[in-house]
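S.K.: Take this structure first; my questions come after.
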Amino acid sequence: MKALRSRLSVPTRHTLMCMAVASAFPFNAALAQDAAPAQQDAPAAEKTPGQGGQRLDVVIVTAQRRAENIKDVPMSITTVSGDKLDTLTAGGQDIRFLSGRSPSLNIESDYGRSFPRFYIRGQGNTDFDLNASQPVGLVVDDIVQESPMLKGFPVFDVEQVEVLRGPQGTLFGRNSPAGVIKFDSVRPVFRTEGYVSAGFGKDGVKNAEGAFNLPLGQTVAARLSLQSQNRDDRVHNPRPTGTRDFEGYHDNAGRLQVLFKPSKEFSALFNVHARDLDNNATLFRANIIKQGTNDLVDGFDYGSYPTDGVNKQTLRTKGGNARLRWDLPGLTLHSITGYETADFYSRADVDGGYGAVYAQPMGPGYIPFVVETADLLPAHRQFTQEFRAESNASGPLQWIGGLFYFNEDIRIDSISFDSLAPGNPQNPFYATQDQSTKSWAAFGSVNYTVSDKLKVRAGLRYTNDKKDFSARRVEATTAGPFIINNESNNVSWDLSGTYALDQDTNLFARIATGYRAPSMQGRLNGLADRPSFADAEEVLSWEAGFKKELFDRRARVSASVFQYRVKDKQLTAGSGVINMNQLINADKVTGQGVELDFQAVLSDSLRMTFGGSYNDTEIKDGSLFVQQCGNFANTGGRAGCTVTDPVGPFPGTVRIDGNPLPRAPRWQANLTLRYSVPLGNGDFYADTDWAYRSTYNMFLYEAREYKAKSLLEGGARTGYKWGDGKYELAAYVRNITDEVQVQAAIDFDNLTGILTEPRTYGVQFRMNF
């Protein structure tokens, strides 16, 4: 297969000019839009007329549901593709590798390689329940992935990732008031090509990946993409009880696409995919936070995890979709049908240690009581259908209109185990939740070219949501079922414009609304036999900025300022001394900030991106209070947190008015450098990437122990390509500085923390054909 990526170079006399532009921007700048083209048959780079050099590629995005130059789209967008995507995924990282690689984007998980949680411009959801909704939409190959269990599908043989910041309520719909992350797989083409790669690394890492594209005649082409990621256990239990070894995984996924194109007017693309994940749940480590600080305790050993609990996690997902397209005179029609299903089991020792104060010995530290639980998703299915029409004729007016239908049924079981009994048997009590969701929408968008310089866009979407929810607890006596039936409606809209200041500079402004449907939750407990409910949230957002190409497209810069206001913001609060969440609504949440993307070719051999974001979020509700960490009461203060918020109206509560949103770092920044030079009969390259985020609150309230430290992480990859790009041998390292710190916590039992991952390194070989 011909390499789609090539060195970017410029004449030497422009190098100092580009470096001068780069130095003009401060450290708090961010990852620029990647240069890899979204259209497969586009050239990898363009020659500079009369000079023999190369310029940055034109970046094509589909943020507005049609292919456009990123410079012409009036919103803040970052793309990741090509060499950068290869570098960030070098060690077998899951989807969290994208965190911080786009301005205002944070990704974390309390479940490990499953159930990632996304935050854009500070808006996200810390809810760990399996039916939790998120304000960041995830769209894979034009299909929305609603369930948290669908959102962590491995990233391989992907053409481009687009991060769309700000509400996307018109064209992408419900549950995207913060933004959308969009993945587009490499599509089948009518030629034989493909690649295979293999990698080996620290802790027994063994990764394999490949794709094979084959034309099946003149009208049919197929592409099979496979990936296998594996790691040995690297954490061990020194005690004779519970699971003995942890943090290994076997994560296998595949995708088969078949393209049927019998004529220029019609095409059909069919996609089936599946994932099989077998690993450990996240390790909850008891009392690893030094009380009164956010430091790790003295003598902490990452490789040791003394426990009496069982830890296991499995995830099986599969799905398929059909994307049909008719190109008619003046009109293009689309039909997009998707089906997804997931089966999930996750069991962990939530108290994070062994024994208890009433069952000695106990440790590490003070264990007030044992908590070993499992969450199951034994039944899940999601069906989506979209019909869309769009204009394709030339002229000042362009339009898109369509209908969308969503149907999801889920069943959630929550069970617990007796860690102190031989074999850790299941306790007789458990809770179940059933939820059925039906939603439909009608939407439309128009683009109008007012003049050669000014283009305006407007969109409108009507959404109807209906949820039927039931929760039940089974013990000696059964509680429930508790039923919630809810129906809501929403109208989302957006208005934006682009003004061409000159041929290289576009100014843009956008005002948009977004909507997140009502949420229900029913992790029932004998102390709280009532489901939790949150009303719909609505956001109004403004942003303005510019996009500019410099030095005959040897550099590119994009910057924006934004402000938003969320009404009835859905938040997730802890339940004090028990292992539960509560859904609440804040009267208002505001956010504002600045984002910057920059990309440049600095010389014939060196290119770079850097940039960043500033996000200032605030909860504004003087009457809102939540329960503080329950570990203070449960441990008699011996392993409790130090809350700094004002005391609430009831014992054990605190007020959160004025606090920032949780898991929302105020500052984020990143930098990438790529050096490439001809060597022998091939090319030598070296990449490095760095991402920084500032501190954030782990929960709605503020406590010294539960404020994450600022974090700087870096990676590097160096290699050699030869045979006209056919062969590649590389070495990589991730988390160069081996920075390990607490990034999340459990606050009801003791000072339990969840850690970042330590350094890893390895080698890779790839062959294209």
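Convention: chains lettered A, B, ... in structure tokens order; per-chain residue numbering from 1; ligands numbered from 1 as shown.
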Name all residues at most 10 Å from range 239-250 of chain A (count only C-alpha atoms; drop same-chain ones fewer than 2 positions away) and give them as an NGL selection string.
M.R.: :A and (112-113 or 203-207 or 228-237 or 252 or 276-283 or 303-314 or 348-349 or 354 or 419-420 or 422-424)
S.K.: Using C-alpha atoms, can you write the selected residues to a file as an mmCIF file, in the first residue's frame?
M.R.:
```cif
data_model
loop_
_atom_site.group_PDB
_atom_site.id
_atom_site.type_symbol
_atom_site.label_atom_id
_atom_site.label_comp_id
_atom_site.auth_asym_id
_atom_site.auth_seq_id
_atom_site.Cartn_x
_atom_site.Cartn_y
_atom_site.Cartn_z
ATOM 1 C CA GLY A 112 -10.188 0.938 33.303
ATOM 2 C CA ARG A 113 -10.283 0.097 29.589
ATOM 3 C CA ASP A 203 5.060 -5.993 31.208
ATOM 4 C CA GLY A 204 4.625 -8.556 28.466
ATOM 5 C CA VAL A 205 2.821 -6.222 26.074
ATOM 6 C CA LYS A 206 2.000 -8.000 22.809
ATOM 7 C CA ASN A 207 0.030 -6.069 20.202
ATOM 8 C CA SER A 228 -5.301 -7.710 19.429
ATOM 9 C CA GLN A 229 -3.859 -5.920 22.497
ATOM 10 C CA ASN A 230 -2.448 -7.931 25.399
ATOM 11 C CA ARG A 231 -0.502 -7.282 28.582
ATOM 12 C CA ASP A 232 0.637 -9.529 31.427
ATOM 13 C CA ASP A 233 -0.268 -8.861 35.048
ATOM 14 C CA ARG A 234 2.005 -6.267 36.641
ATOM 15 C CA VAL A 235 0.444 -5.835 40.113
ATOM 16 C CA HIS A 236 0.379 -8.674 42.661
ATOM 17 C CA ASN A 237 -1.461 -9.521 45.874
ATOM 18 C CA ASN A 252 -9.493 -8.179 20.772
ATOM 19 C CA ASP A 276 -13.956 -9.071 23.315
ATOM 20 C CA LEU A 277 -12.271 -7.628 26.424
ATOM 21 C CA ASP A 278 -11.060 -9.745 29.341
ATOM 22 C CA ASN A 279 -9.198 -7.836 32.045
ATOM 23 C CA ASN A 280 -9.298 -6.518 35.602
ATOM 24 C CA ALA A 281 -11.510 -3.763 36.852
ATOM 25 C CA THR A 282 -9.766 -0.611 38.063
ATOM 26 C CA LEU A 283 -7.811 -1.131 41.266
ATOM 27 C CA GLY A 303 3.285 -3.314 42.201
ATOM 28 C CA SER A 304 1.672 -4.460 45.466
ATOM 29 C CA TYR A 305 -2.089 -4.645 46.107
ATOM 30 C CA PRO A 306 -3.049 -6.532 49.295
ATOM 31 C CA THR A 307 -6.718 -7.485 49.074
ATOM 32 C CA ASP A 308 -9.267 -10.102 50.069
ATOM 33 C CA GLY A 309 -11.601 -9.385 47.146
ATOM 34 C CA VAL A 310 -12.089 -10.807 43.673
ATOM 35 C CA ASN A 311 -11.385 -8.578 40.680
ATOM 36 C CA LYS A 312 -12.614 -9.402 37.197
ATOM 37 C CA GLN A 313 -14.045 -7.563 34.211
ATOM 38 C CA THR A 314 -15.356 -8.747 30.845
ATOM 39 C CA ALA A 348 -13.962 -5.245 42.282
ATOM 40 C CA ASP A 349 -12.948 -4.875 45.922
ATOM 41 C CA TYR A 354 -8.330 -6.731 53.334
ATOM 42 C CA SER A 419 -15.239 -10.924 51.227
ATOM 43 C CA LEU A 420 -14.779 -12.532 54.656
ATOM 44 C CA PRO A 422 -14.447 -18.686 52.030
ATOM 45 C CA GLY A 423 -14.748 -18.297 48.260
ATOM 46 C CA ASN A 424 -16.252 -14.795 48.483
#
```
S.K.: Please provide as a PyMOL selection string all residues within 10 Å of range 386-391 of chain A, with the sequence filter that same-chain residues fewer than 6 positions apart are discarded (counting only C-alpha atoms).
M.R.: chain A and resi 65-66+142-143+323-338+397-406+440-446
S.K.: Save the residues we just selected, C-alpha atoms, as an mmCIF file, in the first residue's frame?
M.R.:
```
data_model
loop_
_atom_site.group_PDB
_atom_site.id
_atom_site.type_symbol
_atom_site.label_atom_id
_atom_site.label_comp_id
_atom_site.auth_asym_id
_atom_site.auth_seq_id
_atom_site.Cartn_x
_atom_site.Cartn_y
_atom_site.Cartn_z
ATOM 1 C CA ARG A 65 -22.433 16.249 7.910
ATOM 2 C CA ARG A 66 -20.801 17.066 4.578
ATOM 3 C CA ASP A 142 -21.923 7.841 11.645
ATOM 4 C CA ILE A 143 -23.542 5.841 14.496
ATOM 5 C CA ARG A 323 -24.995 3.370 5.126
ATOM 6 C CA LEU A 324 -26.808 3.852 1.820
ATOM 7 C CA ARG A 325 -26.276 6.843 -0.460
ATOM 8 C CA TRP A 326 -28.052 8.011 -3.602
ATOM 9 C CA ASP A 327 -26.506 10.867 -5.613
ATOM 10 C CA LEU A 328 -29.334 12.320 -7.683
ATOM 11 C CA PRO A 329 -29.420 15.503 -9.755
ATOM 12 C CA GLY A 330 -29.395 18.346 -7.227
ATOM 13 C CA LEU A 331 -30.029 16.019 -4.303
ATOM 14 C CA THR A 332 -28.167 13.406 -2.216
ATOM 15 C CA LEU A 333 -30.114 10.962 -0.055
ATOM 16 C CA HIS A 334 -28.736 9.015 2.919
ATOM 17 C CA SER A 335 -30.096 6.119 4.947
ATOM 18 C CA ILE A 336 -28.012 5.165 8.011
ATOM 19 C CA THR A 337 -29.104 2.157 10.070
ATOM 20 C CA GLY A 338 -27.227 0.990 13.149
ATOM 21 C CA LEU A 397 -28.075 28.104 -0.957
ATOM 22 C CA GLN A 398 -27.164 24.669 0.427
ATOM 23 C CA TRP A 399 -29.332 22.687 2.824
ATOM 24 C CA ILE A 400 -29.589 19.479 4.883
ATOM 25 C CA GLY A 401 -32.727 17.950 6.382
ATOM 26 C CA GLY A 402 -33.587 14.659 8.002
ATOM 27 C CA LEU A 403 -35.310 12.420 10.519
ATOM 28 C CA PHE A 404 -33.675 10.404 13.301
ATOM 29 C CA TYR A 405 -34.945 7.544 15.497
ATOM 30 C CA PHE A 406 -33.265 6.035 18.576
ATOM 31 C CA TRP A 440 -37.084 10.750 17.549
ATOM 32 C CA ALA A 441 -36.034 14.018 15.977
ATOM 33 C CA ALA A 442 -36.517 16.148 12.880
ATOM 34 C CA PHE A 443 -33.693 18.476 11.891
ATOM 35 C CA GLY A 444 -32.586 20.860 9.197
ATOM 36 C CA SER A 445 -29.713 23.183 8.397
ATOM 37 C CA VAL A 446 -29.140 25.785 5.670
#
```
S.K.: Given the choices A:Leu571, A:Ala286, A:Ala600, A:Val61, which gets closest to Phe300 in chain A if the distance is worked out from only C-alpha atoms?
M.R.: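 Using only C-alpha atoms, the shortest distance to Phe300 in chain A belongs to A:Ala286.
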S.K.: Can you write out as CSV which residues of range 684-757 of chain A fall within 10 Å of range 119-134 of chain A, alongside each residue's closest atom pair and its distance in Å to one decimal, counting only C-alpha atoms and ordering rows by chain and ascending residue number?
M.R.:
```
residue,atom,partner,partner_atom,distance
A:Met698,CA,A:Thr126,CA,8.6
A:Phe699,CA,A:Thr126,CA,8.0
A:Leu700,CA,A:Thr126,CA,9.4
```
S.K.: Have a look at A:Met149, A:Val220, A:Ile288, A:Val370 and name the one nearest to Leu755 in chain A; count only C-alpha atoms.
M.R.: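 Looking at the shortest contact to Leu755 in chain A, the residue is A:Ile288.
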